[in-house]
$ cat run_37.txt   # compact mmCIF, C-alpha atoms and all ligand atoms
# COMPACT_ATOMS: atom_id res chain seq x y z
CA MET A 1 79.97 45.42 34.65
CA GLU A 2 83.09 43.68 35.99
CA LYS A 3 82.69 45.55 39.28
CA LYS A 4 79.04 44.63 39.49
CA VAL A 5 79.81 40.95 38.91
CA SER A 6 82.41 41.14 41.70
CA ARG A 7 79.86 42.70 44.02
CA ILE A 8 77.45 39.82 43.41
CA ILE A 9 80.17 37.30 44.15
CA LYS A 10 81.24 39.09 47.33
CA LYS A 11 77.67 39.15 48.55
CA GLY A 12 77.62 35.41 47.97
CA LYS A 13 74.24 35.85 46.42
CA ILE A 14 74.21 33.21 43.72
CA ASP A 15 77.79 32.03 43.45
CA ALA A 16 78.46 28.30 43.71
CA PRO A 17 81.67 26.30 43.42
CA ILE A 18 82.27 24.55 40.14
CA CYS A 19 82.42 20.76 40.28
CA GLU A 20 83.95 17.99 38.19
CA PRO A 21 84.36 17.41 35.33
CA CYS A 22 84.09 21.13 34.57
CA ALA A 23 86.56 22.16 37.31
CA SER A 24 89.49 20.48 35.61
CA CYS A 25 88.61 21.49 32.06
CA GLY A 26 89.29 25.23 32.19
CA VAL A 27 85.63 25.96 31.45
CA LYS A 28 86.21 25.80 27.73
CA CYS A 29 82.55 26.15 26.82
CA CYS A 30 82.25 29.57 28.54
CA ASN A 31 84.66 31.17 26.08
CA ARG A 32 83.77 29.46 22.82
CA PHE A 33 80.19 30.29 22.10
CA ALA A 34 77.76 33.12 22.01
CA VAL A 35 75.21 31.72 24.46
CA PRO A 36 71.70 32.06 22.96
CA LEU A 37 69.01 33.26 25.35
CA THR A 38 65.27 33.43 25.60
CA GLY A 39 63.39 36.29 27.23
CA PHE A 40 62.67 33.93 30.14
CA ASP A 41 66.41 33.45 30.73
CA VAL A 42 66.87 37.22 30.59
CA ALA A 43 64.08 37.86 33.11
CA ARG A 44 65.54 35.29 35.55
CA ILE A 45 69.07 36.70 35.30
CA ALA A 46 67.83 40.29 35.66
CA GLU A 47 65.86 39.33 38.76
CA ALA A 48 68.75 37.39 40.32
CA THR A 49 71.41 40.03 39.67
CA GLY A 50 69.57 43.36 39.58
CA PHE A 51 71.20 44.11 36.21
CA GLU A 52 69.43 45.77 33.32
CA ALA A 53 69.02 43.37 30.38
CA GLN A 54 71.25 45.48 28.15
CA GLU A 55 74.10 45.19 30.66
CA PHE A 56 74.50 41.46 30.09
CA CYS A 57 72.73 40.79 26.76
CA ARG A 58 73.51 41.75 23.23
CA LEU A 59 71.73 41.38 19.94
CA GLU A 60 74.27 39.39 18.01
CA LYS A 61 74.42 39.32 14.22
CA ALA A 62 72.48 36.18 13.34
CA GLU A 63 75.21 34.84 11.04
CA LEU A 64 77.75 34.87 13.91
CA ILE A 65 75.74 32.39 15.98
CA GLY A 66 74.90 29.89 13.27
CA GLU A 67 72.02 27.51 13.58
CA ALA A 68 69.81 28.08 16.59
CA PRO A 69 66.18 27.22 17.22
CA HIS A 70 65.67 30.77 18.51
CA SER A 71 63.77 33.13 16.19
CA LYS A 72 65.66 35.98 14.59
CA ILE A 73 64.78 39.45 15.81
CA PHE A 74 64.29 42.26 13.30
CA ILE A 75 65.72 45.49 14.60
CA VAL A 76 66.28 48.92 13.09
CA GLU A 77 69.90 49.99 13.07
CA GLY A 78 71.38 52.81 11.03
CA GLY A 79 68.08 53.14 9.15
CA LYS A 80 68.19 49.47 8.03
CA ILE A 81 66.37 46.40 9.30
CA GLU A 82 68.91 43.92 10.68
CA GLU A 83 68.47 40.27 11.78
CA ARG A 84 69.74 39.55 15.25
CA LEU A 85 69.83 36.78 17.86
CA LEU A 86 69.72 37.36 21.58
CA ALA A 87 72.88 36.24 23.40
CA LEU A 88 74.93 36.79 26.54
CA LYS A 89 77.61 39.46 26.24
CA ARG A 90 81.20 38.37 26.08
CA ARG A 91 84.40 40.10 27.18
CA LYS A 92 87.23 40.99 24.82
CA ASN A 93 88.89 37.64 25.62
CA GLU A 94 85.68 35.92 24.43
CA TYR A 95 84.72 34.73 27.91
CA CYS A 96 81.12 35.15 28.94
CA VAL A 97 80.57 38.24 31.12
CA PHE A 98 79.62 36.00 34.03
CA SER A 99 82.56 33.63 33.77
CA LEU A 100 84.76 33.31 36.85
CA HIS A 101 87.09 31.09 34.83
CA SER A 102 88.17 28.09 36.90
CA SER A 103 86.01 29.30 39.80
CA GLY A 104 82.85 28.80 37.78
CA CYS A 105 79.88 30.93 36.94
CA ALA A 106 78.80 34.08 38.80
CA ILE A 107 75.13 33.41 38.14
CA TRP A 108 75.03 29.71 38.89
CA GLY A 109 71.44 28.81 39.64
CA ALA A 110 70.16 31.54 37.33
CA HIS A 111 72.32 30.59 34.34
CA PRO A 112 70.53 30.16 31.01
CA TYR A 113 69.07 26.87 29.84
CA ALA A 114 71.58 26.70 27.00
CA CYS A 115 74.29 26.43 29.70
CA ILE A 116 72.31 24.13 31.99
CA VAL A 117 71.87 21.45 29.34
CA TYR A 118 75.31 21.72 27.74
CA PRO A 119 76.92 19.43 26.43
CA PHE A 120 73.90 17.17 26.10
CA GLU A 121 70.97 16.88 23.77
CA LEU A 122 67.89 14.74 23.67
CA GLY A 123 67.71 12.20 20.86
CA GLU A 124 64.51 11.27 19.07
CA ASP A 125 64.66 7.99 20.97
CA GLY A 126 64.31 9.98 24.23
CA LYS A 127 67.91 9.25 25.27
CA ILE A 128 70.42 11.87 26.38
CA ARG A 129 73.59 12.07 24.27
CA TYR A 130 76.47 14.40 23.54
CA GLY A 131 75.51 17.18 21.18
CA ASN A 132 76.88 17.28 17.67
CA ASN A 133 79.74 19.74 17.14
CA PHE A 134 80.05 20.57 20.83
CA VAL A 135 83.51 21.40 22.15
CA CYS A 136 83.31 19.66 25.51
CA PRO A 137 86.54 17.65 25.69
CA ARG A 138 85.37 15.35 28.41
CA LYS A 139 83.38 12.14 28.21
CA TRP A 140 81.19 12.47 31.25
CA ALA A 141 81.01 9.23 33.21
CA ASP A 142 77.68 7.83 34.31
CA GLY A 143 77.02 9.33 37.71
CA GLU A 144 78.66 12.65 36.80
CA PHE A 145 75.38 13.89 35.40
CA ASP A 146 71.75 13.22 36.11
CA ALA A 147 70.15 11.97 32.87
CA LYS A 148 66.62 12.41 34.20
CA LYS A 149 67.18 16.03 35.29
CA THR A 150 69.05 16.84 32.09
CA GLY A 151 66.18 15.43 30.02
CA GLU A 152 63.69 17.53 31.99
CA ALA A 153 65.83 20.64 31.51
CA ILE A 154 66.04 20.05 27.76
CA ARG A 155 62.25 19.66 27.53
CA LYS A 156 61.77 22.84 29.59
CA MET A 157 64.26 24.69 27.40
CA ARG A 158 62.40 23.63 24.25
CA GLU A 159 59.12 24.78 25.76
CA GLU A 160 60.62 28.16 26.65
CA ILE A 161 62.15 28.57 23.19
CA GLU A 162 58.72 27.97 21.68
CA GLY A 163 57.17 30.63 23.95
CA TYR A 164 60.02 33.01 23.26
CA ASN A 165 59.73 32.53 19.48
CA LYS A 166 56.07 33.55 19.64
CA ILE A 167 57.08 36.73 21.50
CA VAL A 168 59.73 37.51 18.87
CA ARG A 169 57.37 36.82 15.96
CA LYS A 170 54.87 39.25 17.48
CA TRP A 171 57.60 41.88 17.77
CA ASN A 172 58.71 41.31 14.18
CA ALA A 173 55.13 41.64 12.91
CA GLN A 174 54.23 44.72 14.93
CA PHE A 175 57.30 46.77 15.72
CA ALA A 176 60.26 45.76 13.58
CA LYS A 177 60.09 48.79 11.29
CA GLU A 178 60.38 51.26 14.14
CA GLY A 179 61.90 49.21 16.95
CA ASP A 180 65.37 49.91 18.24
CA GLU A 181 67.31 47.84 20.76
CA LYS A 182 66.08 49.72 23.82
CA LYS A 183 62.44 49.27 22.83
CA PHE A 184 63.02 45.60 22.08
CA PHE A 185 64.44 44.86 25.54
CA ALA A 186 61.58 46.70 27.27
CA TYR A 187 59.05 44.75 25.17
CA LEU A 188 60.85 41.43 25.71
CA LEU A 189 60.98 41.70 29.49
CA LYS A 190 57.37 42.79 29.78
CA GLU A 191 56.09 39.96 27.57
CA SER A 192 58.35 37.31 29.13
CA ARG A 193 57.35 38.24 32.68
CA GLU A 194 53.67 38.21 31.75
CA LYS A 195 53.93 34.81 30.04
CA ALA A 196 55.94 33.38 32.96
CA VAL A 197 53.21 34.54 35.37
CA GLU A 198 50.45 33.10 33.15
CA LYS A 199 52.12 29.68 33.38
CA LYS A 200 52.37 29.62 37.20
S1 LIG A 301 80.68 21.25 29.97
FE1 LIG A 301 82.55 20.39 29.09
S2 LIG A 301 83.58 22.15 28.12
FE2 LIG A 301 82.06 22.96 29.54
S3 LIG A 301 83.19 23.33 31.46
FE3 LIG A 301 82.23 21.30 31.60
S4 LIG A 301 83.79 19.84 30.91
FE4 LIG A 301 84.40 21.91 30.20
S1 LIG A 302 76.29 32.03 32.13
FE1 LIG A 302 77.77 30.94 33.39
S2 LIG A 302 77.78 28.83 32.58
FE2 LIG A 302 76.85 30.14 31.00
S3 LIG A 302 78.53 30.75 29.63
FE3 LIG A 302 78.31 32.35 31.22
S4 LIG A 302 79.77 31.78 32.83
FE4 LIG A 302 79.44 29.96 31.54
$ encode --input "run_37.txt" --output "structure tokens"
Amino acid sequence: MEKKVSRIIKKGKIDAPICEPCASCGVKCCNRFAVPLTGFDVARIAEATGFEAQEFCRLEKAELIGEAPHSKIFIVEGGKIEERLLALKRRKNEYCVFSLHSSGCAIWGAHPYACIVYPFELGEDGKIRYGNNFVCPRKWADGEFDAKKTGEAIRKMREEIEGYNKIVRKWNAQFAKEGDEKKFFAYLLKESREKAVEKK
């Protein structure tokens, strides 16, 4: 995996320099959280990198992620049904598999919505604000982020989570009792690609 990430960077395929305020922060958010994904995020990253989903995703124990609007996936493991959430893999040092540390993100441009919108959330009043319990140490100044684009990204992320949750609920209803991880990823990519095409 590390070698493959390096190859992508060398090819200059989707690498982009990190900008302020993230450049001076030590990219703290890329080593703190399990980044939750939807199947649409997974399909975009797989297409951009050529990786198999299982190379960069994992089915994380639901209790390790905490509250997330993403539906829990039922999966058979060791003869038992387990509850999982879909997340980016992390290295032993907790950094995301795509982190280039102070040089940024190896999949910039195809990075998941959870990363795109961080550290902001959309209030009920329609205004963008810092998310509760986020670790970002930096108060972003006006002009360092685009409130309109961030708002659009948050709305798009919510829409995709809704679509993804329907896909997961269908899996849970139909396949959970016999579905292992490999089958789940095959199902997820097929459904997500079909739904993404339907929307175009
Ligand atoms: S979003 Fe915040 S925590 Fe994450 S890299 Fe940027 S400044 Fe650092
Ligand atoms: S995908 Fe990129 S931005 Fe998101 S956690 Fe990983 S390295 Fe950071």
$ residues_near_ligand --input "run_37.txt" --ligand "ligand LIG 302 (chain A)" --cutoff "7 Å" --atoms "all atoms listed in the file" --output "ChimeraX atom specification"
/A:29-30,35,96-100,104-108,111-112,115
$ residues_near_ligand --input "run_37.txt" --ligand "ligand LIG 301 (chain A)" --cutoff "9 Å" --atoms "only C-alpha atoms and all ligand atoms" --output "list in words"
Ile18, Cys19, Glu20, Pro21, Cys22, Ala23, Ser24, Cys25, Gly26, Val27, Lys28, Cys29, Cys30, Ser102, Gly104, Cys115, Val117, Tyr118, Pro119, Phe120, Phe134, Val135, Cys136, Pro137, Arg138, Lys139 and Trp140 of chain A
$ residues_around --input "run_37.txt" --residues "range 159-174 of chain A" --least-positions-apart "5" --cutoff "6 Å" --atoms "all atoms listed in the file" --output "ChimeraX atom specification"
/A:38,71,74
$ atom_distance --input "run_37.txt" --atom1 "CA of Glu144 in chain A" --atom2 "CA of Ala34 in chain A"
25.3 Å
$ closest_residue --input "run_37.txt" --among "A:Ala110, A:Ala43, A:Ile154, A:Leu59" --to "Val76 in chain A" --atoms "only C-alpha atoms"
A:Leu59
$ closest_residue --input "run_37.txt" --among "A:Glu60, A:Glu121, A:Glu181, A:Glu94" --to "Arg155 in chain A" --atoms "all atoms listed in the file"
A:Glu121
$ residues_near_point --input "run_37.txt" --point "(66.1, 9.0, 28.5)" --cutoff "12 Å" --atoms "only C-alpha atoms" --output "compact mmCIF listing (two decimals) with C-alpha atoms, in the coordinates of the input"
# COMPACT_ATOMS: atom_id res chain seq x y z
CA PHE A 120 73.90 17.17 26.10
CA GLU A 121 70.97 16.88 23.77
CA LEU A 122 67.89 14.74 23.67
CA GLY A 123 67.71 12.20 20.86
CA GLU A 124 64.51 11.27 19.07
CA ASP A 125 64.66 7.99 20.97
CA GLY A 126 64.31 9.98 24.23
CA LYS A 127 67.91 9.25 25.27
CA ILE A 128 70.42 11.87 26.38
CA ARG A 129 73.59 12.07 24.27
CA ASP A 146 71.75 13.22 36.11
CA ALA A 147 70.15 11.97 32.87
CA LYS A 148 66.62 12.41 34.20
CA LYS A 149 67.18 16.03 35.29
CA THR A 150 69.05 16.84 32.09
CA GLY A 151 66.18 15.43 30.02
CA GLU A 152 63.69 17.53 31.99
CA ILE A 154 66.04 20.05 27.76
CA ARG A 155 62.25 19.66 27.53
$ closest_residue --input "run_37.txt" --among "A:Gly109, A:His101, A:Phe33, A:Glu63" --to "Leu88 in chain A" --atoms "all atoms listed in the file"
A:Phe33
$ atom_distance --input "run_37.txt" --atom1 "CA of Glu55 in chain A" --atom2 "CA of Leu37 in chain A"
14.0 Å
$ atom_distance --input "run_37.txt" --atom1 "CA of Arg91 in chain A" --atom2 "CA of Gly50 in chain A"
19.6 Å
$ closest_residue --input "run_37.txt" --among "A:Leu85, A:Met157, A:Tyr130, A:Phe185" --to "Lys72 in chain A" --atoms "only C-alpha atoms"
A:Leu85
$ closest_residue --input "run_37.txt" --among "A:Leu189, A:Ser103, A:Ala141, A:Lys156" --to "Ala46 in chain A" --atoms "only C-alpha atoms"
A:Leu189
$ closest_residue --input "run_37.txt" --among "A:Lys183, A:Lys177, A:Lys195, A:Lys89" --to "Pro36 in chain A" --atoms "only C-alpha atoms"
A:Lys89
